[in-house]
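Just upload28.cif here, mmCIF, C-alpha atoms:
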```
data_input
#
loop_
_atom_site.group_PDB
_atom_site.id
_atom_site.type_symbol
_atom_site.label_atom_id
_atom_site.label_comp_id
_atom_site.auth_asym_id
_atom_site.auth_seq_id
_atom_site.Cartn_x
_atom_site.Cartn_y
_atom_site.Cartn_z
ATOM 1 C CA MET A 234 -48.841 -42.017 -15.468
ATOM 2 C CA ARG A 235 -51.059 -39.082 -14.621
ATOM 3 C CA LYS A 236 -52.011 -38.901 -10.942
ATOM 4 C CA LYS A 237 -55.648 -39.208 -9.963
ATOM 5 C CA ILE A 238 -56.074 -35.940 -8.080
ATOM 6 C CA PRO A 239 -59.532 -34.326 -7.884
ATOM 7 C CA SER A 240 -59.902 -30.679 -8.820
ATOM 8 C CA SER A 241 -59.822 -28.118 -6.038
ATOM 9 C CA ALA A 242 -63.358 -27.103 -6.993
ATOM 10 C CA SER A 243 -64.630 -30.656 -6.450
ATOM 11 C CA LEU A 244 -62.839 -30.982 -3.128
ATOM 12 C CA GLN A 245 -64.130 -27.642 -1.820
ATOM 13 C CA ALA A 246 -67.664 -28.501 -2.904
ATOM 14 C CA PHE A 247 -67.437 -31.902 -1.223
ATOM 15 C CA ASP A 248 -65.974 -30.416 1.966
ATOM 16 C CA ALA A 249 -68.735 -27.807 2.234
ATOM 17 C CA ALA A 250 -71.473 -30.358 1.503
ATOM 18 C CA ALA A 251 -69.989 -32.780 4.043
ATOM 19 C CA ARG A 252 -69.900 -30.131 6.781
ATOM 20 C CA HIS A 253 -73.404 -28.818 6.123
ATOM 21 C CA GLY A 254 -75.061 -32.095 5.100
ATOM 22 C CA ASN A 255 -76.894 -30.025 2.541
ATOM 23 C CA PHE A 256 -76.057 -29.032 -1.042
ATOM 24 C CA ALA A 257 -78.002 -25.766 -0.846
ATOM 25 C CA ARG A 258 -76.055 -24.532 2.192
ATOM 26 C CA ALA A 259 -72.789 -25.618 0.578
ATOM 27 C CA ALA A 260 -73.734 -23.634 -2.531
ATOM 28 C CA GLU A 261 -74.493 -20.555 -0.407
ATOM 29 C CA GLU A 262 -71.131 -20.784 1.366
ATOM 30 C CA LEU A 263 -69.192 -21.055 -1.904
ATOM 31 C CA SER A 264 -71.383 -18.550 -3.842
ATOM 32 C CA LEU A 265 -72.408 -21.242 -6.343
ATOM 33 C CA THR A 266 -75.684 -22.766 -7.423
ATOM 34 C CA GLU A 267 -76.967 -25.972 -5.900
ATOM 35 C CA GLY A 268 -76.707 -27.560 -9.344
ATOM 36 C CA ALA A 269 -73.013 -26.654 -9.540
ATOM 37 C CA ILE A 270 -72.372 -28.318 -6.177
ATOM 38 C CA SER A 271 -74.246 -31.416 -7.330
ATOM 39 C CA ARG A 272 -72.192 -31.605 -10.538
ATOM 40 C CA GLN A 273 -68.887 -31.245 -8.670
ATOM 41 C CA ILE A 274 -69.866 -34.036 -6.263
ATOM 42 C CA ALA A 275 -70.890 -36.227 -9.218
ATOM 43 C CA ARG A 276 -67.501 -35.657 -10.897
ATOM 44 C CA LEU A 277 -65.714 -36.542 -7.669
ATOM 45 C CA GLU A 278 -67.753 -39.732 -7.184
ATOM 46 C CA ALA A 279 -67.082 -40.687 -10.809
ATOM 47 C CA LEU A 280 -63.327 -40.238 -10.287
ATOM 48 C CA LEU A 281 -63.415 -42.283 -7.080
ATOM 49 C CA ASN A 282 -65.804 -44.828 -8.577
ATOM 50 C CA CYS A 283 -67.908 -44.855 -5.424
ATOM 51 C CA LYS A 284 -70.713 -42.965 -3.747
ATOM 52 C CA LEU A 285 -69.903 -40.534 -0.950
ATOM 53 C CA PHE A 286 -73.415 -39.534 0.106
ATOM 54 C CA ASP A 287 -76.650 -41.361 0.772
ATOM 55 C CA ARG A 288 -79.476 -39.361 -0.807
ATOM 56 C CA VAL A 289 -82.910 -39.444 0.829
ATOM 57 C CA GLY A 290 -85.247 -37.088 -0.993
ATOM 58 C CA SER A 291 -83.751 -33.603 -0.850
ATOM 59 C CA ARG A 292 -81.415 -34.496 2.022
ATOM 60 C CA VAL A 293 -77.893 -35.904 1.780
ATOM 61 C CA LYS A 294 -75.849 -37.725 4.404
ATOM 62 C CA LEU A 295 -72.279 -38.947 4.283
ATOM 63 C CA ASN A 296 -71.963 -42.706 4.046
ATOM 64 C CA PRO A 297 -69.062 -44.414 5.919
ATOM 65 C CA VAL A 298 -66.709 -44.085 2.927
ATOM 66 C CA GLY A 299 -67.670 -40.442 2.495
ATOM 67 C CA ALA A 300 -67.165 -39.693 6.187
ATOM 68 C CA ARG A 301 -63.658 -41.115 6.104
ATOM 69 C CA TYR A 302 -62.777 -39.259 2.907
ATOM 70 C CA ALA A 303 -64.231 -36.013 4.285
ATOM 71 C CA HIS A 304 -61.871 -36.190 7.270
ATOM 72 C CA HIS A 305 -58.802 -36.490 5.037
ATOM 73 C CA VAL A 306 -60.022 -33.822 2.613
ATOM 74 C CA ARG A 307 -60.624 -31.397 5.508
ATOM 75 C CA GLU A 308 -57.061 -31.942 6.800
ATOM 76 C CA THR A 309 -55.613 -31.475 3.314
ATOM 77 C CA LEU A 310 -57.545 -28.271 2.627
ATOM 78 C CA ASP A 311 -56.665 -26.852 6.060
ATOM 79 C CA ARG A 312 -52.979 -27.553 5.536
ATOM 80 C CA LEU A 313 -53.059 -26.105 2.009
ATOM 81 C CA GLU A 314 -54.697 -22.942 3.356
ATOM 82 C CA ARG A 315 -52.106 -22.615 6.136
ATOM 83 C CA ASP A 316 -49.239 -23.101 3.691
ATOM 84 C CA THR A 317 -50.759 -20.524 1.348
ATOM 85 C CA HIS A 318 -50.990 -17.949 4.142
ATOM 86 C CA TYR A 319 -47.374 -18.685 5.106
ATOM 87 C CA ILE A 320 -46.169 -18.002 1.568
ATOM 88 C CA MET A 321 -48.338 -14.897 1.189
ATOM 89 C CA GLY A 322 -46.892 -13.472 4.413
ATOM 90 C CA MET A 323 -43.231 -14.085 3.556
ATOM 91 C CA PRO A 324 -41.157 -11.178 2.217
ATOM 92 C CA GLU A 325 -39.558 -11.835 -1.165
ATOM 93 C CA GLY A 326 -36.265 -13.693 -0.823
ATOM 94 C CA SER A 327 -36.864 -14.751 2.780
ATOM 95 C CA LYS A 328 -36.616 -18.272 4.206
ATOM 96 C CA SER A 329 -39.026 -20.111 6.458
ATOM 97 C CA LEU A 330 -38.630 -22.801 9.127
ATOM 98 C CA ASP A 331 -41.427 -24.805 10.720
ATOM 99 C CA ILE A 332 -40.385 -26.129 14.128
ATOM 100 C CA ALA A 333 -42.478 -28.350 16.429
ATOM 101 C CA VAL A 334 -41.796 -27.672 20.115
ATOM 102 C CA LEU A 335 -43.102 -28.801 23.481
ATOM 103 C CA PRO A 336 -45.682 -26.195 24.621
ATOM 104 C CA THR A 337 -44.143 -25.046 27.909
ATOM 105 C CA PHE A 338 -40.616 -24.944 26.482
ATOM 106 C CA SER A 339 -41.827 -22.752 23.633
ATOM 107 C CA SER A 340 -43.778 -20.269 25.774
ATOM 108 C CA ARG A 341 -41.445 -20.082 28.791
ATOM 109 C CA TRP A 342 -38.001 -20.382 27.212
ATOM 110 C CA LEU A 343 -37.814 -20.326 23.405
ATOM 111 C CA ILE A 344 -40.217 -17.576 22.318
ATOM 112 C CA PRO A 345 -38.975 -14.986 24.885
ATOM 113 C CA ARG A 346 -35.472 -15.386 23.360
ATOM 114 C CA LEU A 347 -36.440 -15.217 19.683
ATOM 115 C CA ASN A 348 -35.692 -11.483 19.396
ATOM 116 C CA GLY A 349 -32.037 -12.471 19.501
ATOM 117 C CA PHE A 350 -32.487 -14.956 16.658
ATOM 118 C CA THR A 351 -34.475 -12.475 14.563
ATOM 119 C CA SER A 352 -31.832 -9.779 14.988
ATOM 120 C CA LEU A 353 -29.150 -12.176 13.733
ATOM 121 C CA PHE A 354 -31.215 -13.718 10.934
ATOM 122 C CA PRO A 355 -33.898 -11.224 9.847
ATOM 123 C CA ASP A 356 -34.432 -13.120 6.576
ATOM 124 C CA ILE A 357 -35.594 -16.321 8.366
ATOM 125 C CA THR A 358 -39.241 -16.614 9.394
ATOM 126 C CA LEU A 359 -39.569 -19.061 12.281
ATOM 127 C CA ASN A 360 -42.987 -20.715 12.626
ATOM 128 C CA ILE A 361 -43.529 -22.497 15.966
ATOM 129 C CA ALA A 362 -46.124 -25.223 16.536
ATOM 130 C CA ALA A 363 -46.857 -26.931 19.863
ATOM 131 C CA ARG A 364 -46.594 -30.721 19.931
ATOM 132 C CA THR A 365 -46.906 -32.571 23.235
ATOM 133 C CA ASP A 366 -46.480 -36.139 22.019
ATOM 134 C CA PRO A 367 -43.703 -37.572 19.808
ATOM 135 C CA PHE A 368 -44.684 -38.221 16.196
ATOM 136 C CA ILE A 369 -43.246 -39.399 12.877
ATOM 137 C CA LEU A 370 -41.170 -36.470 11.617
ATOM 138 C CA PRO A 371 -40.761 -37.329 7.890
ATOM 139 C CA GLY A 372 -43.793 -36.149 5.969
ATOM 140 C CA SER A 373 -45.120 -34.086 8.912
ATOM 141 C CA GLY A 374 -44.359 -30.739 7.292
ATOM 142 C CA PHE A 375 -41.898 -29.768 10.045
ATOM 143 C CA ASP A 376 -38.238 -28.990 9.417
ATOM 144 C CA ALA A 377 -37.244 -30.060 12.946
ATOM 145 C CA VAL A 378 -38.530 -30.812 16.436
ATOM 146 C CA ILE A 379 -37.386 -29.789 19.921
ATOM 147 C CA HIS A 380 -38.453 -32.644 22.157
ATOM 148 C CA PHE A 381 -37.234 -35.223 24.660
ATOM 149 C CA GLU A 382 -35.514 -38.415 23.532
ATOM 150 C CA HIS A 383 -37.983 -41.006 22.267
ATOM 151 C CA SER A 384 -38.088 -44.082 20.049
ATOM 152 C CA ALA A 385 -40.221 -42.136 17.548
ATOM 153 C CA TRP A 386 -37.061 -40.269 16.534
ATOM 154 C CA ALA A 387 -35.152 -43.466 15.622
ATOM 155 C CA GLY A 388 -33.037 -42.901 12.534
ATOM 156 C CA MET A 389 -33.290 -39.117 12.731
ATOM 157 C CA ARG A 390 -30.353 -36.728 13.220
ATOM 158 C CA MET A 391 -30.306 -35.639 16.861
ATOM 159 C CA GLN A 392 -28.435 -32.827 18.594
ATOM 160 C CA PHE A 393 -28.444 -32.884 22.408
ATOM 161 C CA LEU A 394 -29.606 -29.568 23.908
ATOM 162 C CA PHE A 395 -30.046 -29.891 27.677
ATOM 163 C CA GLN A 396 -30.924 -32.158 30.568
ATOM 164 C CA GLU A 397 -34.221 -31.258 32.228
ATOM 165 C CA TYR A 398 -34.255 -31.679 36.029
ATOM 166 C CA LEU A 399 -37.384 -31.291 38.167
ATOM 167 C CA MET A 400 -37.526 -29.364 41.432
ATOM 168 C CA PRO A 401 -40.353 -28.716 43.949
ATOM 169 C CA VAL A 402 -41.572 -25.141 43.868
ATOM 170 C CA CYS A 403 -44.361 -23.187 45.559
ATOM 171 C CA HIS A 404 -45.602 -19.683 46.314
ATOM 172 C CA PRO A 405 -43.630 -18.098 49.211
ATOM 173 C CA ALA A 406 -46.849 -17.284 51.089
ATOM 174 C CA LEU A 407 -47.440 -21.013 51.603
ATOM 175 C CA LEU A 408 -44.296 -21.462 53.708
ATOM 176 C CA THR A 409 -45.200 -20.551 57.273
ATOM 177 C CA ASP A 410 -42.893 -22.900 59.200
ATOM 178 C CA ASN A 411 -39.153 -23.358 59.419
ATOM 179 C CA ASP A 412 -39.569 -27.107 58.927
ATOM 180 C CA VAL A 413 -39.880 -26.998 55.134
ATOM 181 C CA ASN A 414 -39.762 -30.795 54.767
ATOM 182 C CA LYS A 415 -42.757 -31.128 57.065
ATOM 183 C CA GLN A 416 -44.575 -28.490 55.044
ATOM 184 C CA LEU A 417 -43.791 -30.247 51.775
ATOM 185 C CA ASN A 418 -45.744 -33.191 53.143
ATOM 186 C CA GLU A 419 -48.640 -30.965 54.162
ATOM 187 C CA LEU A 420 -48.929 -28.790 51.046
ATOM 188 C CA PRO A 421 -51.375 -29.788 48.268
ATOM 189 C CA ARG A 422 -49.403 -31.583 45.584
ATOM 190 C CA ILE A 423 -49.747 -30.754 41.893
ATOM 191 C CA HIS A 424 -49.018 -33.480 39.330
ATOM 192 C CA ARG A 425 -48.426 -33.708 35.604
ATOM 193 C CA ARG A 426 -50.740 -36.287 34.080
ATOM 194 C CA GLN A 427 -47.928 -37.731 31.941
ATOM 195 C CA ASN A 428 -45.714 -38.340 34.975
ATOM 196 C CA PRO A 429 -48.059 -39.560 37.734
ATOM 197 C CA ASP A 430 -45.308 -41.227 39.821
ATOM 198 C CA ALA A 431 -43.032 -38.176 39.979
ATOM 199 C CA TRP A 432 -43.795 -37.288 43.593
ATOM 200 C CA HIS A 433 -43.365 -40.916 44.660
ATOM 201 C CA HIS A 434 -39.907 -41.003 43.035
ATOM 202 C CA TYR A 435 -38.994 -37.643 44.514
ATOM 203 C CA ALA A 436 -39.885 -38.750 48.063
ATOM 204 C CA ARG A 437 -37.827 -41.912 47.673
ATOM 205 C CA GLU A 438 -34.827 -40.056 46.249
ATOM 206 C CA SER A 439 -34.848 -37.103 48.665
ATOM 207 C CA GLY A 440 -35.761 -39.043 51.799
ATOM 208 C CA ILE A 441 -38.520 -36.532 52.563
ATOM 209 C CA THR A 442 -41.622 -38.233 53.977
ATOM 210 C CA LEU A 443 -44.752 -37.787 51.876
ATOM 211 C CA ASP A 444 -47.726 -39.595 53.394
ATOM 212 C CA ASN A 445 -49.619 -39.902 50.118
ATOM 213 C CA PRO A 446 -47.410 -38.969 47.141
ATOM 214 C CA ALA A 447 -50.182 -39.677 44.602
ATOM 215 C CA GLN A 448 -52.682 -37.281 46.174
ATOM 216 C CA GLY A 449 -53.449 -34.029 44.381
ATOM 217 C CA VAL A 450 -54.703 -32.461 41.174
ATOM 218 C CA ARG A 451 -53.340 -33.383 37.739
ATOM 219 C CA TYR A 452 -52.546 -31.155 34.769
ATOM 220 C CA ASP A 453 -51.330 -31.940 31.260
ATOM 221 C CA LEU A 454 -48.611 -29.298 30.932
ATOM 222 C CA HIS A 455 -45.851 -27.822 33.062
ATOM 223 C CA GLU A 456 -47.304 -24.439 32.070
ATOM 224 C CA MET A 457 -50.557 -25.354 33.820
ATOM 225 C CA ALA A 458 -48.747 -26.593 36.922
ATOM 226 C CA ILE A 459 -46.706 -23.380 37.089
ATOM 227 C CA ALA A 460 -49.876 -21.293 36.794
ATOM 228 C CA ALA A 461 -51.406 -23.240 39.685
ATOM 229 C CA VAL A 462 -48.274 -22.732 41.787
ATOM 230 C CA MET A 463 -48.249 -19.004 41.019
ATOM 231 C CA ALA A 464 -51.847 -18.861 42.243
ATOM 232 C CA GLY A 465 -50.807 -20.419 45.564
ATOM 233 C CA GLN A 466 -52.666 -23.676 44.974
ATOM 234 C CA GLY A 467 -49.874 -26.012 46.065
ATOM 235 C CA VAL A 468 -46.422 -27.349 45.234
ATOM 236 C CA ALA A 469 -45.338 -28.804 41.873
ATOM 237 C CA LEU A 470 -42.304 -30.508 40.371
ATOM 238 C CA VAL A 471 -41.215 -28.367 37.420
ATOM 239 C CA PRO A 472 -37.989 -27.760 35.469
ATOM 240 C CA HIS A 473 -35.790 -25.007 36.900
ATOM 241 C CA MET A 474 -35.248 -23.424 33.470
ATOM 242 C CA TYR A 475 -38.966 -22.616 33.165
ATOM 243 C CA ILE A 476 -39.150 -20.620 36.403
ATOM 244 C CA GLU A 477 -35.777 -18.847 36.535
ATOM 245 C CA ASN A 478 -37.342 -15.376 36.511
ATOM 246 C CA GLU A 479 -39.935 -16.177 39.171
ATOM 247 C CA LEU A 480 -37.289 -17.661 41.482
ATOM 248 C CA SER A 481 -34.858 -14.762 41.042
ATOM 249 C CA ARG A 482 -37.624 -12.226 41.780
ATOM 250 C CA GLY A 483 -38.912 -14.129 44.823
ATOM 251 C CA MET A 484 -42.285 -14.822 43.236
ATOM 252 C CA LEU A 485 -41.691 -18.550 43.756
ATOM 253 C CA VAL A 486 -39.444 -20.430 46.163
ATOM 254 C CA SER A 487 -37.826 -23.847 46.277
ATOM 255 C CA PRO A 488 -36.128 -24.608 49.613
ATOM 256 C CA TRP A 489 -35.998 -28.315 48.720
ATOM 257 C CA PRO A 490 -33.325 -30.130 46.707
ATOM 258 C CA ALA A 491 -33.802 -30.667 42.987
ATOM 259 C CA SER A 492 -34.178 -34.223 41.744
ATOM 260 C CA GLU A 493 -31.347 -35.914 39.877
ATOM 261 C CA SER A 494 -33.305 -38.954 38.726
ATOM 262 C CA LEU A 495 -36.417 -37.137 37.482
ATOM 263 C CA SER A 496 -34.852 -35.875 34.302
ATOM 264 C CA LYS A 497 -35.088 -36.093 30.529
ATOM 265 C CA LYS A 498 -32.677 -35.371 27.698
ATOM 266 C CA PHE A 499 -33.950 -32.798 25.226
ATOM 267 C CA CYS A 500 -32.742 -32.698 21.640
ATOM 268 C CA LEU A 501 -33.144 -30.923 18.353
ATOM 269 C CA VAL A 502 -34.437 -33.642 16.033
ATOM 270 C CA LYS A 503 -33.891 -33.288 12.276
ATOM 271 C CA PRO A 504 -34.844 -35.511 9.315
ATOM 272 C CA THR A 505 -32.165 -37.837 7.999
ATOM 273 C CA GLU A 506 -32.198 -36.249 4.563
ATOM 274 C CA THR A 507 -31.335 -32.578 4.217
ATOM 275 C CA GLY A 508 -34.062 -30.357 2.794
ATOM 276 C CA ILE A 509 -34.333 -27.043 1.000
ATOM 277 C CA ASN A 510 -34.283 -25.250 4.363
ATOM 278 C CA GLU A 511 -31.075 -26.918 5.564
ATOM 279 C CA ALA A 512 -29.012 -23.708 5.601
ATOM 280 C CA ALA A 513 -31.665 -21.885 7.645
ATOM 281 C CA LEU A 514 -31.947 -24.881 9.980
ATOM 282 C CA GLU A 515 -28.169 -24.878 10.532
ATOM 283 C CA ASN A 516 -28.333 -21.211 11.530
ATOM 284 C CA PHE A 517 -31.169 -21.925 13.945
ATOM 285 C CA GLU A 518 -29.259 -24.869 15.454
ATOM 286 C CA ARG A 519 -26.092 -22.794 15.986
ATOM 287 C CA TRP A 520 -28.087 -20.028 17.653
ATOM 288 C CA LEU A 521 -29.952 -22.548 19.837
ATOM 289 C CA LEU A 522 -26.711 -24.211 20.996
ATOM 290 C CA ALA A 523 -25.219 -20.811 21.848
ATOM 291 C CA GLU A 524 -28.279 -20.008 23.971
ATOM 292 C CA MET A 525 -28.005 -23.386 25.700
ATOM 293 C CA ASN A 526 -24.333 -22.733 26.484
ATOM 294 C CA THR A 527 -25.292 -19.408 28.037
ATOM 295 C CA LEU A 528 -27.939 -21.173 30.112
ATOM 296 C CA ALA A 529 -25.412 -23.798 31.291
ATOM 297 C CA ARG A 530 -22.908 -21.125 32.377
ATOM 298 C CA SER A 531 -25.541 -19.261 34.379
ATOM 299 C CA SER A 532 -26.860 -22.381 36.171
#
```
As structure tokens:
Amino acid sequence: MRKKIPSSASLQAFDAAARHGNFARAAEELSLTEGAISRQIARLEALLNCKLFDRVGSRVKLNPVGARYAHHVRETLDRLERDTHYIMGMPEGSKSLDIAVLPTFSSRWLIPRLNGFTSLFPDITLNIAARTDPFILPGSGFDAVIHFEHSAWAGMRMQFLFQEYLMPVCHPALLTDNDVNKQLNELPRIHRRQNPDAWHHYARESGITLDNPAQGVRYDLHEMAIAAVMAGQGVALVPHMYIENELSRGMLVSPWPASESLSKKFCLVKPTETGINEAALENFERWLLAEMNTLARSS
């Protein structure tokens, strides 16, 4: 049975008309006549057997069905355009991997090491996308994910990478007293929004008195918290692996013990079924595990 898929011309005309709320402006954007836009919309509505716009005189406005369809069409066209640019930019005979990664891990650890991967596998193009929250991997367009353990990955193939431990860290200029535990209580605390009880757990585990563990600003990402710490705005609980360089160069200090309970397991998550990029993904996994082994030996 032939699939009911609208033509690309109809979808582009509908998308432009939906964004502009005007057939004339849509026609100008696509270098068509207003009549051509109108005919494409009519063909699309005939295929769908429903109206997408409410017409009031010369004006058009998406109805509820049209608004919902416009959202999905926009996502589809955007993804098709991205995929087209990916293919256009790939050298002949090369392979491509699309990997979803937590933002701070990608910017602070993974991307700075990718020269090593590229030198070993120059024929593999590695596309990195930031994803903060877990999601359903099959059908997402990603070949794999680097993320913490979560129920969303149930049924997927998982390779353990590392255990993330949090440690308090601050700018050295903020430490003006030999009693660092007292100062930890006095310094402004920086929180991650996704882990609002972290300082409470750290105080209980370490035995360091914190009068109000919940007090302080909140940021979404470790990257943001690290930026605030670098600016001397307070003390934050961040993973050691993200601030190795700053600690070794004395740009940041951590005279307090790291937490053992504030930790997460991070994994490379792969679909259950192997795909056309499986060989490239195996090479990436081997390289990633070798880098993790190097990290473990240096810790």
_Non-local contacts of stretch 507-523 of chain A (7 Å; all atoms listed in the file; under 5 positions in same chain excluded) as a list in words_ = Leu330, Phe350, Ile357 and Leu394 of chain A
Could you save those same residues with C-alpha atoms as a PDB file, in the frame of the given file?
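Wrote it out as out-v3.pdb, contents follow:
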```pdb
ATOM      1  CA  LEU A 330     -38.630 -22.801   9.127  1.00  0.00           C
ATOM      2  CA  PHE A 350     -32.487 -14.956  16.658  1.00  0.00           C
ATOM      3  CA  ILE A 357     -35.594 -16.321   8.366  1.00  0.00           C
ATOM      4  CA  LEU A 394     -29.606 -29.568  23.908  1.00  0.00           C
TER       5      LEU A 394
END
```
_I need the output of the PyMOL selection byres ((chain A and resi 426) around 7) for this file as number ranges by chain; which residues are they?_
A: 424-425, 427-429, 451-453
Quick one: apply the PyMOL selection byres ((chain A and resi 249) around 12) to the file and drop the selected residues here as a PDB file with C-alpha atoms, in the coordinates of the input.
```
ATOM      1  CA  ALA A 242     -63.358 -27.103  -6.993  1.00  0.00           C
ATOM      2  CA  SER A 243     -64.630 -30.656  -6.450  1.00  0.00           C
ATOM      3  CA  LEU A 244     -62.839 -30.982  -3.128  1.00  0.00           C
ATOM      4  CA  GLN A 245     -64.130 -27.642  -1.820  1.00  0.00           C
ATOM      5  CA  ALA A 246     -67.664 -28.501  -2.904  1.00  0.00           C
ATOM      6  CA  PHE A 247     -67.437 -31.902  -1.223  1.00  0.00           C
ATOM      7  CA  ASP A 248     -65.974 -30.416   1.966  1.00  0.00           C
ATOM      8  CA  ALA A 250     -71.473 -30.358   1.503  1.00  0.00           C
ATOM      9  CA  ALA A 251     -69.989 -32.780   4.043  1.00  0.00           C
ATOM     10  CA  ARG A 252     -69.900 -30.131   6.781  1.00  0.00           C
ATOM     11  CA  HIS A 253     -73.404 -28.818   6.123  1.00  0.00           C
ATOM     12  CA  GLY A 254     -75.061 -32.095   5.100  1.00  0.00           C
ATOM     13  CA  ASN A 255     -76.894 -30.025   2.541  1.00  0.00           C
ATOM     14  CA  PHE A 256     -76.057 -29.032  -1.042  1.00  0.00           C
ATOM     15  CA  ALA A 257     -78.002 -25.766  -0.846  1.00  0.00           C
ATOM     16  CA  ARG A 258     -76.055 -24.532   2.192  1.00  0.00           C
ATOM     17  CA  ALA A 259     -72.789 -25.618   0.578  1.00  0.00           C
ATOM     18  CA  ALA A 260     -73.734 -23.634  -2.531  1.00  0.00           C
ATOM     19  CA  GLU A 261     -74.493 -20.555  -0.407  1.00  0.00           C
ATOM     20  CA  GLU A 262     -71.131 -20.784   1.366  1.00  0.00           C
ATOM     21  CA  LEU A 263     -69.192 -21.055  -1.904  1.00  0.00           C
ATOM     22  CA  SER A 264     -71.383 -18.550  -3.842  1.00  0.00           C
ATOM     23  CA  LEU A 265     -72.408 -21.242  -6.343  1.00  0.00           C
ATOM     24  CA  GLU A 267     -76.967 -25.972  -5.900  1.00  0.00           C
ATOM     25  CA  ILE A 270     -72.372 -28.318  -6.177  1.00  0.00           C
ATOM     26  CA  SER A 271     -74.246 -31.416  -7.330  1.00  0.00           C
ATOM     27  CA  GLN A 273     -68.887 -31.245  -8.670  1.00  0.00           C
ATOM     28  CA  ILE A 274     -69.866 -34.036  -6.263  1.00  0.00           C
ATOM     29  CA  LEU A 295     -72.279 -38.947   4.283  1.00  0.00           C
ATOM     30  CA  ALA A 303     -64.231 -36.013   4.285  1.00  0.00           C
ATOM     31  CA  HIS A 304     -61.871 -36.190   7.270  1.00  0.00           C
ATOM     32  CA  VAL A 306     -60.022 -33.822   2.613  1.00  0.00           C
ATOM     33  CA  ARG A 307     -60.624 -31.397   5.508  1.00  0.00           C
ATOM     34  CA  LEU A 310     -57.545 -28.271   2.627  1.00  0.00           C
TER      35      LEU A 310
END
```
*Option closest in space to A:Glu477, from A:Cys283, A:Ala385, A:Ser531, A:Asp430 [counting only C-alpha atoms]*: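 That would be A:Ser531, the residue with the smallest distance to A:Glu477.
Taking atom CA of A:Asn418 and atom CA of A:Gly483 as the two end points, the separation is 21.9 Å.
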Tell me, counting all atoms listed in the file, for each residue of stretch 444-467 of chain A within 8 Å of stretch 399-408 of chain A, which pair of atoms is nearest and how far apart they are in Å to one decimal, in rows ordered by chain and increasing number, as a tab-separated table.
```
residue	atom	partner	partner_atom	distance
A:Val462	CA	A:Cys403	CA	5.5
A:Met463	CA	A:His404	CA	6.0
A:Ala464	CA	A:His404	CA	7.5
A:Gly465	CA	A:His404	CA	5.3
A:Gly467	CA	A:Cys403	CA	6.2
```
*A:Asp410: which residues within 12 Å, counting all atoms listed in the file, same-chain residues fewer than 5 positions away excluded, as a list in words?*
Pro405, Lys415, Gln416, Leu417, Glu419, Leu420 and Pro488 of chain A
*Once you count all atoms listed in the file, which residues end up no further than 10 Å from (-55.4, -40.4, -3.0) in the file's frame, shown as a list in words?*
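I get Lys236, Lys237, Ile238, Pro239, Leu281, Tyr302, His305 and Val306 of chain A for the residues within 10 Å of that point.
If you count all atoms listed in the file and draw a sphere of 9 Å around (-31.6, -18.3, 23.1), the protein and nucleic acid residues inside it come out as A:Trp342, A:Leu343, A:Ile344, A:Pro345, A:Arg346, A:Leu347, A:Asn348, A:Gly349, A:Phe350, A:Trp520, A:Leu521, A:Leu522, A:Ala523, A:Glu524, A:Met525, A:Thr527, A:Leu528.
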*asked:* as a PyMOL selection string, please: the residues near A:Phe338 (cut-off 9 Å, all atoms listed in the file, same-chain neighbours under 2 positions excluded).
replied: chain A and resi 334-336+340-344+379+455-456+474-475
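The gap separating atom CA of A:Val471 from atom CA of A:Leu501 is 20.9 Å, in Å to one decimal.
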*What is the atom CA of A:Ala387-atom CA of A:Thr309 distance in Å, reported with one decimal?*
26.7 Å
Six-sided padding of 6 Å per side, axis-aligned box over stretch 359-377 of chain A, centre and edges in Å, one decimal, as JSON:
```
{"center_x": -42.1, "center_y": -29.2, "center_z": 14.6, "size_x": 21.7, "size_y": 32.3, "size_z": 29.3}
```
_For this structure, which residues satisfy the selection - the PyMOL selection byres ((chain A and resi 376) around 9) - when it is evaluated on the file as given? I want them as a count of residues only._
18
_Counting only C-alpha atoms, the option among A:Asn411, A:Thr337, A:Ile459, A:Glu438 closest to A:Leu480_ = A:Ile459
Export: stretch 313-318 of chain A, N, CA, C and O atoms, as a PDB file, in the first residue's frame:
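Produced file part_27.pdb, reproduced below:
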```pdb
ATOM      1  N   LEU A 313      15.273  17.090   8.499  1.00  0.00           N
ATOM      2  CA  LEU A 313      15.661  16.740   7.136  1.00  0.00           C
ATOM      3  C   LEU A 313      16.758  17.672   6.641  1.00  0.00           C
ATOM      4  O   LEU A 313      17.719  17.244   5.979  1.00  0.00           O
ATOM      5  N   GLU A 314      16.655  18.964   6.977  1.00  0.00           N
ATOM      6  CA  GLU A 314      17.680  19.918   6.569  1.00  0.00           C
ATOM      7  C   GLU A 314      19.012  19.620   7.248  1.00  0.00           C
ATOM      8  O   GLU A 314      20.075  19.671   6.614  1.00  0.00           O
ATOM      9  N   ARG A 315      18.959  19.305   8.560  1.00  0.00           N
ATOM     10  CA  ARG A 315      20.197  18.972   9.273  1.00  0.00           C
ATOM     11  C   ARG A 315      20.853  17.738   8.665  1.00  0.00           C
ATOM     12  O   ARG A 315      22.072  17.711   8.446  1.00  0.00           O
ATOM     13  N   ASP A 316      20.044  16.705   8.420  1.00  0.00           N
ATOM     14  CA  ASP A 316      20.592  15.470   7.853  1.00  0.00           C
ATOM     15  C   ASP A 316      21.186  15.721   6.474  1.00  0.00           C
ATOM     16  O   ASP A 316      22.222  15.130   6.113  1.00  0.00           O
ATOM     17  N   THR A 317      20.555  16.580   5.700  1.00  0.00           N
ATOM     18  CA  THR A 317      21.061  16.904   4.365  1.00  0.00           C
ATOM     19  C   THR A 317      22.415  17.597   4.455  1.00  0.00           C
ATOM     20  O   THR A 317      23.346  17.274   3.711  1.00  0.00           O
ATOM     21  N   HIS A 318      22.544  18.541   5.389  1.00  0.00           N
ATOM     22  CA  HIS A 318      23.829  19.227   5.566  1.00  0.00           C
ATOM     23  C   HIS A 318      24.908  18.255   6.033  1.00  0.00           C
ATOM     24  O   HIS A 318      26.076  18.371   5.628  1.00  0.00           O
TER      25      HIS A 318
END
```
